[in-house]
Structure formats: structure tokens, C-alpha cells
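Before any comments, here is the structure.
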Amino acid sequence: MKRVAKPEGKFNVVIEDAPMPEPGPGEVRVKAVRSLISRGSEMGGRYTREYAVNPESMGYSLAGIVDAIGDDVEHYAVGDRVVASAPHAQYTVRPVRLSSPNDQAQVVPMLPSVNFDQAPYYPLTSGAVSWIDIEDIQPYDTVVIIGQGLVGSLLMQVAKANGRGRIVTVDALDSRCALSEELGADAVINASDEDPVRAVKKLTNGVGAHIVVYAVGGPAGPKAFDQALDMLAVGGLLHLIGLYEDQPLPLMSGKIQRRRLLGGYYGQVVPAGVALRAMQLLGSGAIQTEKMTTHRFPYTEAAAAFDLLYTRMNEALGVLLDWEVADA
């Protein structure tokens with residue numbers, strides 16, 4: 001079979017041959033149909049690194065069809081459509097028999113209403129559902145989401161679907177600001193055109209936001225994090241989700257006094273109810289993946305897909321790899 005690999009060297013993505021995996025007891029094998037490249041973790045934590053990356057870490061959002069079943073698997077059948085927390089590969093084997101209630105499910109059945117272009121967004125959508133739940137948004141809260149990449153956009157759409165609070169988004173790219181407005185944000189602040197702190201203070205009559213979600217990360221992270229602190233109201237919550245800054249964040253003690261800071265925690269596992277909620281949002285169209293998906297590549301062009309996400313960030317958001325070309 002074929003899979004995406006990242007050997008030693010920056011920006012070095014290749015397609016390599018690998019043995020066909022066979023499912024063991026309590027496992028299923030999934031034949032890939034689509035997979036989604038996550039710009040945050042796969043750029044910051046893989047693509048831009050000098051060292052080689054384990055192929056098992058190359059991706060985690062794959063949708064496909066169960067094509068083989070190991071012993072002691074009763075709740076899946078060959079032909080089932082599923083989402084798997086799995087790397088970019090033609091075939092993947094994942095456990096479906098959980099050994100304890102705290103185990104994280106790596107395979108989730110797709111609802112009939114969810115198609116293969118929507119399904120790869122499920123892992124990030126379930127995370128967004130959990131993050132929004134933990135924030136406990138109240139009806140009159142102003143919630144600012146800084147960053148409108150995949151994670152930030154999904155957070156905004158989940159919050160809007162929940163119907164509580166005024167949801168404000170911030171980004172410095174015109175394309176992402178335009179998309180955020182199209183997807184339903186109550187207010188959009190373009191940080192390349194105006195001071196986002198001043199804009200939030202104006203929207204809140206000087207009080208600041210009740211909740212600020214930091215969904216930026218990367219080189220722009222420290223400045224955005226400092227702005228997040230400055231726009232947060234007394235008694236407010238700063239939810240830290242972004243990663244891969246590769247440098248300290250400027251947490252000034254005077255700015256965090258009388259405010260709360262929460263790391264990206266949403267519990268040890270994603271509860272079954274969260275998984276269902278995420279699938280329902282995808283299937284209902286509340287999560288508008290067709291507008292988030294900017295590019296599709298055959299898996300054979302994975303290197304070009306990664307390059308696009310890294311070098312032309314203003315053009316690309318959701319990038320899907322198509323694995324059905326293997327049958328062409």
C-alpha cells in the first residue's frame with residue numbers, strides 16, 4: 001500500500017510503500033477514501049521540522065470503509081463507513097474494542113447524512129464541540145475567537161449552532177475574515193486593518209470580552225496571545241488552544257489577575273454524546289465544510305498539498321487528499 005511519509009529534512013513529504021496491515025483481535029482495517037490535512041499540527045509539528053517523523057503521526061483525520069475485521073469485533077461489518085483517527089494512508093488498522101471507559105475511540109461510524117468530503121472534519125469538530133462545552137458560554141456573553149484557521153472556524157460554527165452569546169472572530173487574512181463572515185460570525189475583526197483590542201473594547205463598550213479563545217499558534221502566536229489578554233474582561237476566561245509557537249507566550253502577571261486561564265483541556269476522553277453531536281452538526285450542514293474546503297488533491301500529490309498550505313496560507317484552508325484515485 002501507499003502512505004504519506006516525512007523523512008529527514010524540512011518540507012520533505014513523500015509517498016512511500018508500506019506493508020499491507022492486517023487487523024488483529026479487536027481491530028478493523030479501514031480503506032481510505034478522504035483524509036484532511038491539519039495545517040496547525042501537520043505544518044508546525046511535522047512539515048517544518050528537520051527530523052524524520054513517524055508515518056503514524058502524519059495525519060489524524062481519515063474517512064473510509066471497513067474492509068477487514070479482526071477476531072472479537074461484533075459491532076462493525078465490512079462495508080461500514082467510518083472516520084478514523086489515523087494517518088494519511090491507503091489502509092489503516094485501528095482498535096475498536098476499548099479496554100476501559102477512559103479509552104479514546106479511534107474509529108467512529110459515520111451517520112447516513114454525512115458524506116466522505118465532510119467526514120474528515122469530524123475529529124476537529126468533536127474537539128470544537130468539547131472546547132465550546134467547557135467554556136460554558138452564557139446567552140449574553142461576548143466570545144472572541146482569535147484565529148480563523150480550521151480549528152478557529154469550527155469553534156465559531158459550533159458556538160453559533162449552540163445559539164448562545166455574541167461570537168466575534170479575529171484574523172489577519174482577508175480571505176479568512178471574509179469566510180468567517182459568510183459562515184455566520186456576529187462580528188469579524190480584520191487585524192491587518194484595525195487594532196483588534198480596540199475593536200473588541202468598542203464592541204463591548206470598554207468592558208472587554210467575557211471569553212477569549214486563542215486559536216492561533218505558530219510564529220504569530222505571542223503577539224496574538226498578548227492581545228487576547230488585553231481584550232479580556234475582568235472575571236473573563238482565556239482559553240488557550242493554539243500551539244507550536246516555539247517560544248514563550250507573554251503571560252504578564254498584572255494582565256491575568258482577576259481573570260482565568262484554561263489550557264486546551266476538554267476531559268480525558270471525548271464522551272459518546274460529543275461524538276454524536278459533532279456528527280449531527282456535520283450532517284445537518286451547520287458545519288459548512290463545503291465552504292471550508294478550498295482544495296482537493298489526489299494523494300499522489302501530497303507534497304504539493306503540503307507546500308500549498310505552507311506557502312500560500314491566504315489561499316488554502318481545508319485541504320483534502322483523495323485516496324480513491326488508487327482504484328482509477
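Ordering of the C-alpha cells sets the chain letters (A, B, ...); residue numbers start at 1 within each chain; ligands are numbered from 1 in the order shown.
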
> Counting only C-alpha atoms, what is within 12 Å of Gly163 of chain A, bar same-chain residues fewer than 6 positions away, as a PyMOL selection string?
Replying inline: chain A and resi 132+137-141+156-157+184-186+286

> Taking the backbone alone, and naming residues the way the document does, which bits of segment 5-251 of chain A are strand (DSSP E or B) by DSSP, as JSON, numbers by chain?
Replying inline: {"A": [5, 6, 14, 15, 16, 17, 27, 28, 29, 30, 31, 32, 33, 34, 35, 36, 37, 53, 62, 63, 64, 65, 66, 67, 68, 69, 81, 82, 83, 84, 89, 91, 92, 93, 94, 95, 107, 108, 109, 142, 143, 144, 145, 146, 166, 167, 168, 169, 170, 171, 187, 188, 189, 190, 209, 210, 211, 212, 213, 214, 232, 233, 234, 235, 236, 237, 238, 239, 240]}

>> Give me the residues near Ala84 of chain A as a ChimeraX atom specification, where near means some atom within 6 Å (using only C-alpha atoms) and where sequence neighbours in that chain fewer than 5 positions away do not count.
In response: /A:62,106-107

Writing out the chosen residues with N, CA, C and O atoms as a PDB file, in the first residue's frame:
```pdb
ATOM      1  N   LEU A  62      -9.121  10.773   8.923  1.00  0.00           N
ATOM      2  CA  LEU A  62      -9.299   9.941   7.736  1.00  0.00           C
ATOM      3  C   LEU A  62     -10.701   9.345   7.732  1.00  0.00           C
ATOM      4  O   LEU A  62     -11.200   8.894   8.768  1.00  0.00           O
ATOM      5  N   GLN A 106     -10.904   5.324  18.469  1.00  0.00           N
ATOM      6  CA  GLN A 106     -10.148   5.727  17.285  1.00  0.00           C
ATOM      7  C   GLN A 106     -10.924   5.522  15.992  1.00  0.00           C
ATOM      8  O   GLN A 106     -10.485   5.949  14.935  1.00  0.00           O
ATOM      9  N   VAL A 107     -12.068   4.863  16.080  1.00  0.00           N
ATOM     10  CA  VAL A 107     -12.936   4.652  14.932  1.00  0.00           C
ATOM     11  C   VAL A 107     -14.354   5.021  15.332  1.00  0.00           C
ATOM     12  O   VAL A 107     -14.827   4.605  16.397  1.00  0.00           O
TER      13      VAL A 107
END
```

>> Please list as a ChimeraX atom specification every residue within 9 Å of Leu262 of chain A, counting only C-alpha atoms and excluding residues in the same chain fewer than 5 positions away.
In response: /A:237-241

Put those residues in a file: C-alpha atoms, as a PDB file, in the first residue's frame.
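Wrote again.pdb, looks like this:
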```pdb
ATOM      1  CA  LEU A 237     -11.831  33.321  30.639  1.00  0.00           C
ATOM      2  CA  LEU A 238      -8.875  32.993  28.260  1.00  0.00           C
ATOM      3  CA  HIS A 239      -8.970  29.573  26.585  1.00  0.00           C
ATOM      4  CA  LEU A 240      -5.574  28.569  25.209  1.00  0.00           C
ATOM      5  CA  ILE A 241      -5.868  26.190  22.235  1.00  0.00           C
TER       6      ILE A 241
END
```

> Quick one: of A:Gly44, A:Gly149, A:Gly64, A:Pro19, who's nearest to Leu317 of chain A, counting only C-alpha atoms?
Replying inline: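 The shortest atom-to-atom distance to Leu317 of chain A comes from A:Gly149.
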
> Between atom CA of His75 of chain A and atom CA of Ala89 of chain A, what is the distance, to one decimal in Å?
Replying inline: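 Going from atom CA of His75 of chain A over to atom CA of Ala89 of chain A, I get 23.7 Å.
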
> Can you list, as a VMD selection string, every protein, DNA or RNA residue that comes within 10 Å of Asp307 of chain A when you count only C-alpha atoms, leaving out same-chain residues fewer than 3 positions away?
Replying inline: chain A and resid 11 to 13 43 47 302 to 304 310 to 313

Can I get the residues of segment 20-56 of chain A within 8 Å of segment 108-129 of chain A, each with the closest pair of atoms and their distance in Å to one decimal, using only C-alpha atoms, sorted chain first then ascending number, as a tab-separated table?
```
residue	atom	partner	partner_atom	distance
A:Val33	CA	A:Phe116	CA	7.0
A:Arg34	CA	A:Phe116	CA	6.4
A:Ser35	CA	A:Pro120	CA	5.7
A:Leu36	CA	A:Pro120	CA	5.6
```

> Can you tell me how far atom CA of Ala178 of chain A sits from atom CA of Asn190 of chain A, in Å to one decimal?
Replying inline: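 Spanning atom CA of Ala178 of chain A to atom CA of Asn190 of chain A is a straight-line distance of 9.2 Å.
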
> What is the atom CA of Gln247 of chain A to atom CA of Lys223 of chain A distance in Å?
Replying inline: 11.4 Å

>> Between A:Ile189, A:Val143, A:Ile37, A:Ala63, which residue has the minimum interatomic distance to His295 of chain A, considering only C-alpha atoms?
In response: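 Smallest distance to His295 of chain A is found for A:Ile37.
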
> Would you give me, as a ChimeraX atom specification, the residues in segment 151-302 of chain A that DSSP reads as helix (DSSP H, G or I)?
Replying inline: /A:151-162,174-183,196-203,221-230,253-256,272-284,289-292,299-302

> Looking at only C-alpha atoms, which of A:Arg46, A:Ala191, A:Val144, A:Glu301 is the one that sits closest to Thr169 of chain A?
Replying inline: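 Residue with the minimum atom-to-atom distance to Thr169 of chain A: A:Val144.
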
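Minimum atom-to-atom distance to Gly236 of chain A, evaluated using only C-alpha atoms, belongs to A:Asp136 out of A:Asp193, A:Glu181, A:Glu315, A:Asp136.
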
>> At a cut-off of 12 Å, using only C-alpha atoms, what residues contact Gln90 of chain A? Leave out same-chain residues fewer than 4 positions from it and give the result as JSON, numbers by chain.
In response: {"A": [1, 2, 3, 4, 15, 16, 17, 18, 19, 20, 21, 29, 30, 31, 32, 33, 34, 35, 62, 63, 64, 65, 66, 67, 86, 298, 299, 300, 321, 322, 323, 324, 325, 326, 327]}

Could you please take those selected residues and save N, CA, C and O atoms as a compact mmCIF listing (two decimals), in the first residue's frame?
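Result file is out_39.txt:
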```
# COMPACT_ATOMS: atom_id res chain seq x y z
N MET A 1 0.84 -1.19 0.00
CA MET A 1 0.00 0.00 0.00
C MET A 1 0.88 1.25 0.00
O MET A 1 2.09 1.17 0.20
N LYS A 2 0.25 2.41 -0.21
CA LYS A 2 0.94 3.70 -0.21
C LYS A 2 0.55 4.50 1.03
O LYS A 2 -0.58 4.39 1.52
N ARG A 3 1.49 5.33 1.49
CA ARG A 3 1.20 6.23 2.59
C ARG A 3 2.05 7.49 2.48
O ARG A 3 3.08 7.49 1.81
N VAL A 4 1.62 8.55 3.17
CA VAL A 4 2.38 9.79 3.23
C VAL A 4 3.46 9.64 4.31
O VAL A 4 3.19 9.14 5.40
N ILE A 15 5.54 10.06 -0.92
CA ILE A 15 4.67 8.89 -0.88
C ILE A 15 5.56 7.66 -0.88
O ILE A 15 6.43 7.51 -1.75
N GLU A 16 5.36 6.79 0.10
CA GLU A 16 6.21 5.60 0.20
C GLU A 16 5.36 4.33 0.24
O GLU A 16 4.16 4.36 0.55
N ASP A 17 5.99 3.23 -0.10
CA ASP A 17 5.36 1.92 0.02
C ASP A 17 5.46 1.42 1.45
O ASP A 17 6.44 1.69 2.16
N ALA A 18 4.43 0.72 1.88
CA ALA A 18 4.42 0.13 3.22
C ALA A 18 3.67 -1.19 3.15
O ALA A 18 2.85 -1.41 2.27
N PRO A 19 3.96 -2.12 4.06
CA PRO A 19 3.26 -3.41 4.07
C PRO A 19 1.76 -3.22 4.31
O PRO A 19 1.35 -2.31 5.04
N MET A 20 0.96 -4.06 3.71
CA MET A 20 -0.47 -4.05 3.97
C MET A 20 -0.73 -4.49 5.41
O MET A 20 -0.33 -5.58 5.81
N PRO A 21 -1.36 -3.65 6.24
CA PRO A 21 -1.61 -4.03 7.64
C PRO A 21 -2.76 -5.03 7.74
O PRO A 21 -3.73 -4.96 6.98
N ARG A 29 -9.67 -2.99 9.76
CA ARG A 29 -8.87 -2.29 8.76
C ARG A 29 -9.78 -1.39 7.95
O ARG A 29 -10.87 -1.79 7.54
N VAL A 30 -9.32 -0.15 7.74
CA VAL A 30 -10.10 0.84 7.02
C VAL A 30 -9.40 1.19 5.71
O VAL A 30 -8.20 1.51 5.71
N LYS A 31 -10.14 1.12 4.63
CA LYS A 31 -9.64 1.55 3.33
C LYS A 31 -9.99 3.03 3.15
O LYS A 31 -11.15 3.41 3.21
N ALA A 32 -8.98 3.86 2.94
CA ALA A 32 -9.18 5.30 2.92
C ALA A 32 -9.96 5.76 1.71
O ALA A 32 -9.80 5.22 0.60
N VAL A 33 -10.78 6.79 1.92
CA VAL A 33 -11.45 7.50 0.83
C VAL A 33 -10.98 8.95 0.78
O VAL A 33 -10.59 9.45 -0.26
N ARG A 34 -11.01 9.64 1.93
CA ARG A 34 -10.51 11.01 2.02
C ARG A 34 -9.74 11.16 3.33
O ARG A 34 -10.05 10.51 4.33
N SER A 35 -8.77 12.07 3.33
CA SER A 35 -8.15 12.50 4.58
C SER A 35 -7.94 14.00 4.52
O SER A 35 -7.82 14.59 3.44
N LEU A 62 -9.12 10.77 8.92
CA LEU A 62 -9.30 9.94 7.74
C LEU A 62 -10.70 9.34 7.73
O LEU A 62 -11.20 8.89 8.77
N ALA A 63 -11.33 9.35 6.57
CA ALA A 63 -12.64 8.71 6.41
C ALA A 63 -12.52 7.62 5.36
O ALA A 63 -11.83 7.79 4.35
N GLY A 64 -13.19 6.51 5.62
CA GLY A 64 -13.09 5.41 4.67
C GLY A 64 -14.10 4.33 4.95
O GLY A 64 -15.12 4.55 5.61
N ILE A 65 -13.80 3.12 4.47
CA ILE A 65 -14.72 1.99 4.54
C ILE A 65 -14.00 0.81 5.19
O ILE A 65 -12.87 0.48 4.83
N VAL A 66 -14.66 0.19 6.15
CA VAL A 66 -14.11 -1.01 6.78
C VAL A 66 -14.02 -2.11 5.72
O VAL A 66 -15.02 -2.45 5.08
N ASP A 67 -12.82 -2.67 5.55
CA ASP A 67 -12.68 -3.72 4.52
C ASP A 67 -12.16 -5.03 5.09
O ASP A 67 -12.08 -6.03 4.37
N ALA A 86 -6.38 8.49 12.22
CA ALA A 86 -5.37 7.67 11.54
C ALA A 86 -4.57 8.54 10.58
O ALA A 86 -5.03 9.60 10.15
N PRO A 298 -5.26 14.55 -5.38
CA PRO A 298 -5.04 13.11 -5.28
C PRO A 298 -3.89 12.85 -4.32
O PRO A 298 -2.96 13.66 -4.22
N TYR A 299 -3.95 11.75 -3.61
CA TYR A 299 -2.92 11.50 -2.59
C TYR A 299 -1.52 11.48 -3.19
O TYR A 299 -0.53 11.78 -2.50
N THR A 300 -1.43 11.16 -4.48
CA THR A 300 -0.12 11.13 -5.14
C THR A 300 0.53 12.50 -5.18
O THR A 300 1.73 12.61 -5.41
N LEU A 321 -7.08 15.12 0.83
CA LEU A 321 -6.40 14.16 -0.04
C LEU A 321 -7.41 13.09 -0.46
O LEU A 321 -8.15 12.56 0.39
N ASP A 322 -7.45 12.80 -1.75
CA ASP A 322 -8.37 11.82 -2.31
C ASP A 322 -7.63 10.51 -2.52
O ASP A 322 -6.67 10.44 -3.28
N TRP A 323 -8.10 9.46 -1.84
CA TRP A 323 -7.45 8.15 -1.92
C TRP A 323 -8.14 7.21 -2.88
O TRP A 323 -7.66 6.12 -3.13
N GLU A 324 -9.25 7.63 -3.46
CA GLU A 324 -9.95 6.78 -4.42
C GLU A 324 -9.24 6.72 -5.76
O GLU A 324 -9.52 5.84 -6.58
N VAL A 325 -8.30 7.63 -5.99
CA VAL A 325 -7.53 7.59 -7.25
C VAL A 325 -6.73 6.30 -7.35
O VAL A 325 -6.31 5.92 -8.43
N ALA A 326 -6.52 5.62 -6.21
CA ALA A 326 -5.78 4.36 -6.24
C ALA A 326 -6.50 3.31 -7.08
O ALA A 326 -5.88 2.38 -7.59
N ASP A 327 -7.82 3.47 -7.21
CA ASP A 327 -8.60 2.50 -7.96
C ASP A 327 -8.79 2.90 -9.41
O ASP A 327 -9.42 2.18 -10.18
```

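Comparing A:Glu245, A:Asp71, A:Asp171, A:Asp133 by their smallest distance to Gly40 of chain A, the closest is A:Glu245 (using only C-alpha atoms).
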
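The shortest atom-to-atom distance to Gly218 of chain A, with only C-alpha atoms taken into account, belongs to A:Ser41 out of A:Ala105, A:Ser41, A:Asp80, A:Lys6.
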